[in-house]
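Listing of data.csv; format and content: CSV, C-alpha atoms.
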```csv
chain,number,residue,atom,x,y,z
E,1,MET,CA,-24.3,2.8,-21.1
E,2,ALA,CA,-24.0,4.9,-18.0
E,3,LEU,CA,-24.7,1.9,-15.9
E,4,LYS,CA,-22.1,-0.2,-17.7
E,5,ILE,CA,-19.5,2.5,-17.1
E,6,LYS,CA,-20.4,2.7,-13.5
E,7,LEU,CA,-20.1,-1.1,-13.2
E,8,ILE,CA,-16.7,-1.2,-14.9
E,9,ALA,CA,-15.5,1.6,-12.6
E,10,LYS,CA,-16.6,-0.5,-9.7
E,11,LEU,CA,-15.1,-3.7,-11.2
E,12,ILE,CA,-11.6,-2.1,-11.4
E,13,LYS,CA,-11.9,0.0,-8.2
E,14,PHE,CA,-10.9,3.1,-10.1
E,15,GLU,CA,-10.4,5.0,-6.9
E,16,HIS,CA,-7.5,2.7,-6.0
E,17,THR,CA,-5.5,4.4,-8.8
E,18,ILE,CA,-4.6,6.9,-6.1
E,19,PHE,CA,-2.0,4.3,-4.8
E,20,ALA,CA,0.1,4.2,-8.0
E,21,LEU,CA,-0.6,7.5,-9.8
E,22,PRO,CA,1.2,9.9,-7.4
E,23,PHE,CA,4.3,7.7,-7.5
E,24,ALA,CA,4.1,7.7,-11.3
E,25,TYR,CA,3.9,11.5,-11.2
E,26,LEU,CA,6.7,11.5,-8.7
E,27,GLY,CA,9.0,9.6,-11.1
E,28,ALA,CA,8.2,12.1,-13.8
E,29,VAL,CA,8.9,15.1,-11.5
E,30,MET,CA,12.2,13.7,-10.3
E,31,ALA,CA,13.2,12.8,-13.9
E,32,ALA,CA,12.4,16.4,-15.1
E,33,GLY,CA,13.9,18.0,-12.0
E,34,GLY,CA,10.6,19.9,-11.6
E,35,VAL,CA,7.3,20.0,-13.4
E,36,PRO,CA,7.5,18.0,-16.6
E,37,ALA,CA,6.1,19.2,-19.9
E,38,TRP,CA,2.3,18.9,-19.8
E,39,ARG,CA,2.4,16.7,-22.9
E,40,LYS,CA,4.4,14.2,-20.9
E,41,VAL,CA,2.1,14.4,-18.0
E,42,PHE,CA,-0.9,13.8,-20.2
E,43,TRP,CA,0.5,10.7,-21.8
E,44,ILE,CA,1.9,9.3,-18.5
E,45,THR,CA,-1.6,9.7,-17.0
E,46,LEU,CA,-3.3,7.9,-19.9
E,47,ALA,CA,-0.6,5.1,-19.8
E,48,MET,CA,-1.2,4.7,-16.0
E,49,VAL,CA,-5.0,4.6,-16.5
E,50,GLY,CA,-4.7,2.0,-19.3
E,51,ALA,CA,-2.2,-0.1,-17.4
E,52,ARG,CA,-4.0,-0.2,-14.1
E,53,SER,CA,-7.5,-0.6,-15.7
E,54,ALA,CA,-6.2,-3.6,-17.8
E,55,ALA,CA,-4.5,-5.2,-14.8
E,56,MET,CA,-7.5,-4.9,-12.5
E,57,ALA,CA,-10.0,-6.0,-15.1
E,58,TRP,CA,-7.8,-9.0,-15.9
E,59,ASN,CA,-7.4,-9.9,-12.3
E,60,ARG,CA,-11.2,-9.8,-11.7
E,61,LEU,CA,-11.7,-11.9,-14.9
E,62,VAL,CA,-9.3,-14.7,-14.0
E,63,ASP,CA,-10.3,-14.7,-10.3
E,64,TRP,CA,-14.0,-14.6,-10.7
E,65,GLN,CA,-14.5,-18.2,-9.5
E,66,ILE,CA,-12.3,-17.6,-6.5
E,67,ASP,CA,-14.1,-14.4,-5.7
E,68,ALA,CA,-17.4,-16.2,-6.0
E,69,ALA,CA,-16.3,-18.8,-3.4
E,70,ASN,CA,-14.9,-16.3,-1.0
E,71,PRO,CA,-17.6,-14.8,1.3
E,72,ARG,CA,-15.7,-11.5,1.5
E,73,THR,CA,-15.7,-11.0,-2.3
E,74,SER,CA,-18.7,-13.0,-3.5
E,75,GLU,CA,-20.7,-9.8,-4.1
E,76,ARG,CA,-18.2,-8.4,-6.6
E,77,ILE,CA,-19.4,-7.6,-10.1
E,78,LEU,CA,-18.5,-10.8,-12.0
E,79,PRO,CA,-19.6,-13.3,-9.3
E,80,GLN,CA,-22.9,-11.5,-9.4
E,81,ASN,CA,-23.0,-11.6,-13.2
E,82,LEU,CA,-23.6,-7.9,-13.4
E,83,LEU,CA,-21.3,-7.6,-16.4
E,84,ASP,CA,-20.8,-10.0,-19.3
E,85,LYS,CA,-17.3,-11.5,-19.4
E,86,GLY,CA,-17.1,-10.6,-23.1
E,87,GLU,CA,-17.6,-7.0,-22.2
E,88,VAL,CA,-14.8,-7.2,-19.7
E,89,VAL,CA,-12.5,-8.7,-22.4
E,90,ILE,CA,-13.3,-5.8,-24.7
E,91,PHE,CA,-12.6,-3.3,-21.9
E,92,ILE,CA,-9.2,-5.0,-21.3
E,93,ILE,CA,-8.3,-4.8,-25.0
E,94,LEU,CA,-9.2,-1.1,-25.1
E,95,ALA,CA,-7.2,-0.5,-21.9
E,96,VAL,CA,-4.1,-2.3,-23.3
E,97,ALA,CA,-4.4,-0.3,-26.5
E,98,LEU,CA,-4.5,2.9,-24.4
E,99,LEU,CA,-1.3,1.8,-22.6
E,100,LEU,CA,0.5,1.0,-25.8
E,101,ILE,CA,-0.5,4.2,-27.7
E,102,SER,CA,0.5,6.3,-24.7
E,103,ALA,CA,3.9,4.6,-24.4
E,104,TRP,CA,4.4,5.2,-28.2
E,105,GLN,CA,3.6,8.9,-27.8
E,106,LEU,CA,6.1,9.2,-25.0
E,107,ASN,CA,9.3,7.9,-26.6
E,108,PRO,CA,10.7,4.8,-28.3
E,109,LEU,CA,12.2,3.2,-25.2
E,110,ALA,CA,8.9,3.6,-23.3
E,111,PHE,CA,7.1,1.8,-26.2
E,112,ARG,CA,9.7,-1.0,-26.5
E,113,LEU,CA,9.5,-1.7,-22.8
E,114,SER,CA,5.6,-1.5,-22.6
E,115,PRO,CA,5.2,-5.3,-23.5
E,116,LEU,CA,7.4,-6.1,-20.4
E,117,ALA,CA,5.1,-4.0,-18.2
E,118,LEU,CA,2.1,-5.6,-19.8
E,119,PHE,CA,3.5,-9.1,-19.0
E,120,PHE,CA,3.7,-8.3,-15.3
E,121,LEU,CA,0.3,-6.7,-15.3
E,122,ILE,CA,-1.2,-10.0,-16.5
E,123,PHE,CA,1.2,-12.4,-14.8
E,124,TYR,CA,0.8,-11.2,-11.2
E,125,SER,CA,-2.8,-12.3,-11.1
E,126,TYR,CA,-1.7,-15.9,-11.4
E,127,THR,CA,1.0,-15.9,-8.8
E,128,LYS,CA,-1.1,-16.6,-5.7
E,129,ARG,CA,-1.9,-19.9,-7.3
E,130,PHE,CA,1.7,-21.2,-7.0
E,131,THR,CA,3.9,-18.9,-4.7
E,132,TRP,CA,3.6,-17.1,-1.4
E,133,LEU,CA,5.8,-14.4,-3.0
E,134,CYS,CA,2.7,-13.1,-4.9
E,135,HIS,CA,2.8,-9.9,-2.8
E,136,LEU,CA,6.2,-9.1,-4.2
E,137,PHE,CA,5.1,-9.7,-7.8
E,138,LEU,CA,2.2,-7.3,-7.2
E,139,GLY,CA,4.7,-4.8,-5.7
E,140,LEU,CA,7.0,-5.2,-8.6
E,141,THR,CA,4.2,-4.5,-11.1
E,142,ILE,CA,3.1,-1.3,-9.4
E,143,GLY,CA,6.8,-0.4,-8.7
E,144,LEU,CA,7.2,-0.2,-12.5
E,145,ALA,CA,5.0,3.0,-12.4
E,146,PRO,CA,7.7,5.5,-11.3
E,147,ILE,CA,10.3,3.8,-13.5
E,148,GLY,CA,8.1,3.9,-16.5
E,149,SER,CA,7.2,7.6,-16.0
E,150,TRP,CA,11.0,8.4,-15.6
E,151,ILE,CA,11.6,6.6,-18.9
E,152,GLY,CA,8.6,8.5,-20.4
E,153,VAL,CA,10.2,11.8,-19.5
E,154,THR,CA,13.9,11.1,-20.2
E,155,GLY,CA,13.9,8.2,-22.6
E,156,GLU,CA,16.4,6.4,-20.4
E,157,ILE,CA,16.6,4.3,-17.2
E,158,ALA,CA,18.3,5.9,-14.1
E,159,LEU,CA,19.5,4.5,-10.7
E,160,ALA,CA,17.2,7.0,-8.9
E,161,ALA,CA,14.2,5.6,-10.7
E,162,LEU,CA,15.1,2.0,-9.8
E,163,ILE,CA,15.5,2.9,-6.1
E,164,LEU,CA,12.2,4.7,-6.1
E,165,GLY,CA,10.6,1.7,-7.9
E,166,LEU,CA,12.1,-0.6,-5.2
E,167,GLY,CA,10.6,1.5,-2.5
E,168,VAL,CA,7.2,1.4,-4.1
E,169,MET,CA,7.5,-2.4,-4.7
E,170,PHE,CA,8.0,-3.1,-1.0
E,171,TRP,CA,5.4,-0.6,0.1
E,172,VAL,CA,2.8,-2.3,-2.0
E,173,ALA,CA,4.0,-5.8,-1.0
E,174,GLY,CA,3.8,-4.8,2.6
E,175,PHE,CA,0.2,-3.5,2.6
E,176,ASP,CA,-0.9,-6.3,0.4
E,177,ILE,CA,0.4,-8.8,3.1
E,178,ILE,CA,-1.8,-6.9,5.6
E,179,TYR,CA,-4.8,-7.0,3.3
E,180,ALA,CA,-4.3,-10.7,2.7
E,181,ILE,CA,-4.7,-11.4,6.4
E,182,GLN,CA,-8.5,-10.9,5.8
E,183,ASP,CA,-8.5,-14.0,3.6
E,184,TYR,CA,-6.2,-16.1,5.7
E,185,GLU,CA,-8.7,-18.9,6.5
E,186,PHE,CA,-10.2,-18.9,3.0
E,187,ASP,CA,-6.9,-19.0,1.2
E,188,LYS,CA,-5.6,-21.8,3.4
E,189,GLU,CA,-8.7,-23.9,2.7
E,190,TYR,CA,-8.9,-23.1,-1.0
E,191,GLY,CA,-5.2,-23.9,-1.5
E,192,LEU,CA,-4.0,-20.4,-2.4
E,193,TYR,CA,-0.6,-19.0,-1.6
E,194,SER,CA,0.2,-16.0,0.5
E,195,ILE,CA,2.7,-14.9,3.2
E,196,PRO,CA,-0.1,-15.1,5.9
E,197,VAL,CA,-0.9,-18.6,4.8
E,198,LYS,CA,2.8,-19.6,4.7
E,199,PHE,CA,3.9,-18.0,8.0
E,200,GLY,CA,0.7,-17.2,9.9
E,201,PRO,CA,-0.9,-13.7,10.4
E,202,ALA,CA,1.4,-12.7,13.3
E,203,LYS,CA,4.6,-13.4,11.5
E,204,ALA,CA,3.2,-12.0,8.3
E,205,LEU,CA,2.7,-8.7,10.0
E,206,ARG,CA,6.4,-8.7,11.1
E,207,ILE,CA,7.4,-9.4,7.5
E,208,ALA,CA,5.2,-6.4,6.3
E,209,VAL,CA,7.0,-4.2,8.9
E,210,SER,CA,10.3,-5.2,7.4
E,211,PHE,CA,9.1,-4.5,3.9
E,212,HIS,CA,7.9,-1.0,4.9
E,213,ILE,CA,11.3,-0.4,6.6
E,214,ILE,CA,12.9,-1.1,3.2
E,215,THR,CA,10.4,1.4,1.6
E,216,PHE,CA,11.4,4.1,4.1
E,217,LEU,CA,15.1,3.5,3.5
E,218,ALA,CA,14.5,3.6,-0.3
E,219,LEU,CA,12.8,6.9,0.0
E,220,VAL,CA,15.7,8.2,2.1
E,221,GLY,CA,18.1,6.9,-0.5
E,222,VAL,CA,16.4,8.6,-3.4
E,223,GLY,CA,16.5,11.9,-1.5
E,224,LEU,CA,20.1,11.6,-0.7
E,225,TYR,CA,21.0,10.5,-4.3
E,226,LEU,CA,19.1,13.4,-5.9
E,227,GLN,CA,20.3,15.8,-3.1
E,228,LEU,CA,16.8,16.9,-2.2
E,229,SER,CA,16.2,19.3,0.7
E,230,TRP,CA,14.6,19.3,4.0
E,231,LEU,CA,11.1,19.6,2.5
E,232,TYR,CA,11.4,16.2,0.9
E,233,ALA,CA,12.8,14.9,4.2
E,234,VAL,CA,9.8,16.2,6.1
E,235,GLY,CA,7.5,14.3,3.6
E,236,VAL,CA,9.5,11.1,4.1
E,237,ILE,CA,9.3,11.4,7.9
E,238,ILE,CA,5.5,11.9,7.7
E,239,VAL,CA,5.4,8.7,5.6
E,240,GLY,CA,7.4,6.9,8.2
E,241,VAL,CA,4.9,8.0,10.9
E,242,LEU,CA,1.9,7.0,8.7
E,243,LEU,CA,3.3,3.5,8.2
E,244,LEU,CA,4.0,3.2,11.9
E,245,VAL,CA,0.4,4.1,12.6
E,246,GLU,CA,-0.8,1.6,10.0
E,247,HIS,CA,1.0,-1.2,11.6
E,248,SER,CA,0.0,-0.2,15.1
E,249,LEU,CA,-3.7,-0.1,14.1
E,250,VAL,CA,-3.6,-3.5,12.4
E,251,LYS,CA,-1.6,-5.1,15.2
E,252,GLN,CA,-4.3,-4.1,17.7
E,253,ASP,CA,-7.3,-4.9,15.6
E,254,PHE,CA,-7.5,-6.8,12.3
E,255,GLU,CA,-10.9,-5.2,11.8
E,256,LYS,CA,-9.1,-2.0,11.0
E,257,ILE,CA,-7.3,-3.5,8.0
E,258,LYS,CA,-9.6,-1.9,5.4
E,259,PHE,CA,-9.2,1.5,7.0
E,260,ALA,CA,-5.4,1.1,7.1
E,261,PHE,CA,-5.3,-0.3,3.5
E,262,PHE,CA,-7.1,2.5,1.7
E,263,ASN,CA,-7.1,5.6,4.0
E,264,ILE,CA,-3.5,5.5,5.3
E,265,ASN,CA,-1.8,4.2,2.1
E,266,SER,CA,-3.5,6.8,-0.1
E,267,VAL,CA,-2.2,9.5,2.1
E,268,VAL,CA,1.3,7.9,1.9
E,269,SER,CA,1.5,8.2,-1.8
E,270,ILE,CA,0.1,11.7,-1.9
E,271,THR,CA,2.4,12.9,0.9
E,272,VAL,CA,5.6,11.8,-0.9
E,273,PHE,CA,4.4,13.4,-4.1
E,274,VAL,CA,3.3,16.7,-2.7
E,275,PHE,CA,6.5,17.3,-0.6
E,276,SER,CA,8.7,16.3,-3.5
E,277,VAL,CA,7.0,18.8,-5.8
E,278,LEU,CA,7.3,21.5,-3.2
E,279,ASP,CA,10.9,20.7,-2.8
E,280,TYR,CA,11.6,21.2,-6.5
E,281,LEU,CA,9.4,24.3,-6.8
E,282,LEU,CA,10.3,26.2,-3.7
E,283,LEU,CA,14.0,25.3,-3.0
```
Represent the structure contained in this file as structure tokens.
Amino acid sequence: MALKIKLIAKLIKFEHTIFALPFAYLGAVMAAGGVPAWRKVFWITLAMVGARSAAMAWNRLVDWQIDAANPRTSERILPQNLLDKGEVVIFIILAVALLLISAWQLNPLAFRLSPLALFFLIFYSYTKRFTWLCHLFLGLTIGLAPIGSWIGVTGEIALAALILGLGVMFWVAGFDIIYAIQDYEFDKEYGLYSIPVKFGPAKALRIAVSFHIITFLALVGVGLYLQLSWLYAVGVIIVGVLLLVEHSLVKQDFEKIKFAFFNINSVVSITVFVFSVLDYLLL
């Protein structure tokens, strides 16, 4: 059982939860105007774990043949038959149940909208089969995290949440474009769609830059709309510098994509969250 749990954690790359979870917490903090009730934090956390776990497991399940054919991903769990596909299906059902139960515990609107979130969690895995806009679908899916947590706290949708979700959407889409450059040759040969395949790696990087500019502007817009102070502004400036470093590294050497993808982007999400919380608590 311990081995199965370890394999499932590896299958869904549980450590990558660090990309979306801080922004989900950020949406909750902004909605509450400070630290939300711990009950809300608890159920938002479980909803995020359920949502992301279901999405990643489903992605690995429907893509296992593609992963097996791609040299970069051929050693993943399912191509290596280290887990039975039926076990993955059971895990997905449990993760979806966790999402739905958590949304129900938060409030009626969160529960009513949870099927919509579930649709995008499942649908985005198919988009690279028919559109180079797949990165934006992934971004939209993860961008729902702060919107969902805002709804979880307040029971309503607000403009600030939508702006924040937009920023997250283009942030994720931007770094997903960078990540997809690794598979440019394979995707092109296999008939998959992506912005690097459509426009070439060099132009794809410029598109990623434009997406991250939108992210920066959205974060600025949220701060202005909510009238946050200089502490939040410092966090946003640091994020801008981090994104600039990310693009500089990748432009100079594609071999640094993995470093830029995980290390820098994990710091981005944590930075925005920490400085926002400090803003609400200290000023």
Can you list, as a VMD selection string, every protein, DNA or RNA residue that comes within 10 Å of Ala32 of chain E when you count all atoms listed in the file, leaving out same-chain residues fewer than 5 positions away?
chain E and resid 26 to 27 37 150 153 to 154 280
Mind writing the picked residues with C-alpha atoms as a tab-separated table (two decimals), in the coordinates of the input?
```
chain	number	residue	atom	x	y	z
E	26	LEU	CA	6.70	11.50	-8.70
E	27	GLY	CA	9.00	9.60	-11.10
E	37	ALA	CA	6.10	19.20	-19.90
E	150	TRP	CA	11.00	8.40	-15.60
E	153	VAL	CA	10.20	11.80	-19.50
E	154	THR	CA	13.90	11.10	-20.20
E	280	TYR	CA	11.60	21.20	-6.50
```
With the cut-off set at 10 Å and counting only C-alpha atoms, tabulate each residue of segment 119-160 of chain E with an atom at most that distance from an atom of segment 191-205 of chain E, showing the nearest atom pair and its distance in Å to one decimal, ordered by chain and increasing number, as JSON lines.
```
{"residue": "E:Thr127", "atom": "CA", "partner": "E:Tyr193", "partner_atom": "CA", "distance": 8.0}
{"residue": "E:Lys128", "atom": "CA", "partner": "E:Tyr193", "partner_atom": "CA", "distance": 4.8}
{"residue": "E:Arg129", "atom": "CA", "partner": "E:Leu192", "partner_atom": "CA", "distance": 5.4}
{"residue": "E:Phe130", "atom": "CA", "partner": "E:Tyr193", "partner_atom": "CA", "distance": 6.3}
{"residue": "E:Thr131", "atom": "CA", "partner": "E:Tyr193", "partner_atom": "CA", "distance": 5.5}
{"residue": "E:Trp132", "atom": "CA", "partner": "E:Ser194", "partner_atom": "CA", "distance": 4.0}
{"residue": "E:Leu133", "atom": "CA", "partner": "E:Ser194", "partner_atom": "CA", "distance": 6.8}
{"residue": "E:Cys134", "atom": "CA", "partner": "E:Ser194", "partner_atom": "CA", "distance": 6.6}
{"residue": "E:His135", "atom": "CA", "partner": "E:Ser194", "partner_atom": "CA", "distance": 7.4}
```
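Atom pair atom CA of Phe123 of chain E / atom CA of Lys258 of chain E has a distance of 25.2 Å (rounded to one decimal).
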From the set E:Ser229, E:Phe211, E:Glu75, E:Ala2, which residue has the shortest atom-to-atom contact distance to Leu281 of chain E, counting only C-alpha atoms?
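The shortest atom-to-atom distance to Leu281 of chain E comes from E:Ser229.
For the choices E:Ala57, E:Ala20, E:Val250, E:Ala69, the atom-to-atom distance to Asp183 of chain E is smallest for E:Ala69 when using all atoms listed in the file.
Among the candidate residues E:Tyr124, E:Phe23, E:Phe216, E:Tyr232, the one lying nearest to Ile270 of chain E is E:Phe23, with distances computed using all atoms listed in the file.
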Quote the spacing between atom CA of Thr271 of chain E and atom CA of Ala145 of chain E in Å to one decimal place.
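Answer for the atom CA of Thr271 of chain E to atom CA of Ala145 of chain E separation: 16.8 Å.
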Complete segment 139-155 of chain E with N, CA and C atoms (output as an mmCIF file, keeping the file's coordinate frame).
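Once written, rebuild12.cif looks like this:
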```
data_model
loop_
_atom_site.group_PDB
_atom_site.id
_atom_site.type_symbol
_atom_site.label_atom_id
_atom_site.label_comp_id
_atom_site.auth_asym_id
_atom_site.auth_seq_id
_atom_site.Cartn_x
_atom_site.Cartn_y
_atom_site.Cartn_z
ATOM 1 N N GLY E 139 3.849 -5.976 -5.965
ATOM 2 C CA GLY E 139 4.700 -4.800 -5.700
ATOM 3 C C GLY E 139 5.551 -4.426 -6.844
ATOM 4 N N LEU E 140 6.160 -5.437 -7.468
ATOM 5 C CA LEU E 140 7.000 -5.200 -8.600
ATOM 6 C C LEU E 140 6.206 -4.552 -9.761
ATOM 7 N N THR E 141 5.006 -5.056 -9.977
ATOM 8 C CA THR E 141 4.200 -4.500 -11.100
ATOM 9 C C THR E 141 3.848 -3.065 -10.855
ATOM 10 N N ILE E 142 3.450 -2.699 -9.635
ATOM 11 C CA ILE E 142 3.100 -1.300 -9.400
ATOM 12 C C ILE E 142 4.401 -0.465 -9.238
ATOM 13 N N GLY E 143 5.483 -1.098 -8.792
ATOM 14 C CA GLY E 143 6.800 -0.400 -8.700
ATOM 15 C C GLY E 143 7.316 0.027 -10.042
ATOM 16 N N LEU E 144 6.801 -0.565 -11.115
ATOM 17 C CA LEU E 144 7.200 -0.200 -12.500
ATOM 18 C C LEU E 144 6.690 1.225 -12.829
ATOM 19 N N ALA E 145 5.669 1.707 -12.090
ATOM 20 C CA ALA E 145 5.000 3.000 -12.400
ATOM 21 C C ALA E 145 6.028 4.158 -12.415
ATOM 22 N N PRO E 146 6.761 4.394 -11.310
ATOM 23 C CA PRO E 146 7.700 5.500 -11.300
ATOM 24 C C PRO E 146 8.865 5.305 -12.299
ATOM 25 N N ILE E 147 9.254 4.050 -12.496
ATOM 26 C CA ILE E 147 10.300 3.800 -13.500
ATOM 27 C C ILE E 147 9.850 4.078 -14.869
ATOM 28 N N GLY E 148 8.627 3.646 -15.160
ATOM 29 C CA GLY E 148 8.100 3.900 -16.500
ATOM 30 C C GLY E 148 7.885 5.379 -16.773
ATOM 31 N N SER E 149 7.435 6.124 -15.768
ATOM 32 C CA SER E 149 7.200 7.600 -16.000
ATOM 33 C C SER E 149 8.586 8.277 -16.130
ATOM 34 N N TRP E 150 9.604 7.808 -15.407
ATOM 35 C CA TRP E 150 11.000 8.400 -15.600
ATOM 36 C C TRP E 150 11.418 8.156 -17.014
ATOM 37 N N ILE E 151 11.237 6.934 -17.499
ATOM 38 C CA ILE E 151 11.600 6.600 -18.900
ATOM 39 C C ILE E 151 10.784 7.483 -19.849
ATOM 40 N N GLY E 152 9.503 7.682 -19.528
ATOM 41 C CA GLY E 152 8.600 8.500 -20.400
ATOM 42 C C GLY E 152 9.123 9.915 -20.530
ATOM 43 N N VAL E 153 9.736 10.456 -19.480
ATOM 44 C CA VAL E 153 10.200 11.800 -19.500
ATOM 45 C C VAL E 153 11.595 11.935 -20.157
ATOM 46 N N THR E 154 12.499 11.011 -19.800
ATOM 47 C CA THR E 154 13.900 11.100 -20.200
ATOM 48 C C THR E 154 14.303 10.233 -21.371
ATOM 49 N N GLY E 155 13.558 9.144 -21.581
ATOM 50 C CA GLY E 155 13.900 8.200 -22.600
ATOM 51 C C GLY E 155 15.072 7.281 -22.168
#
```
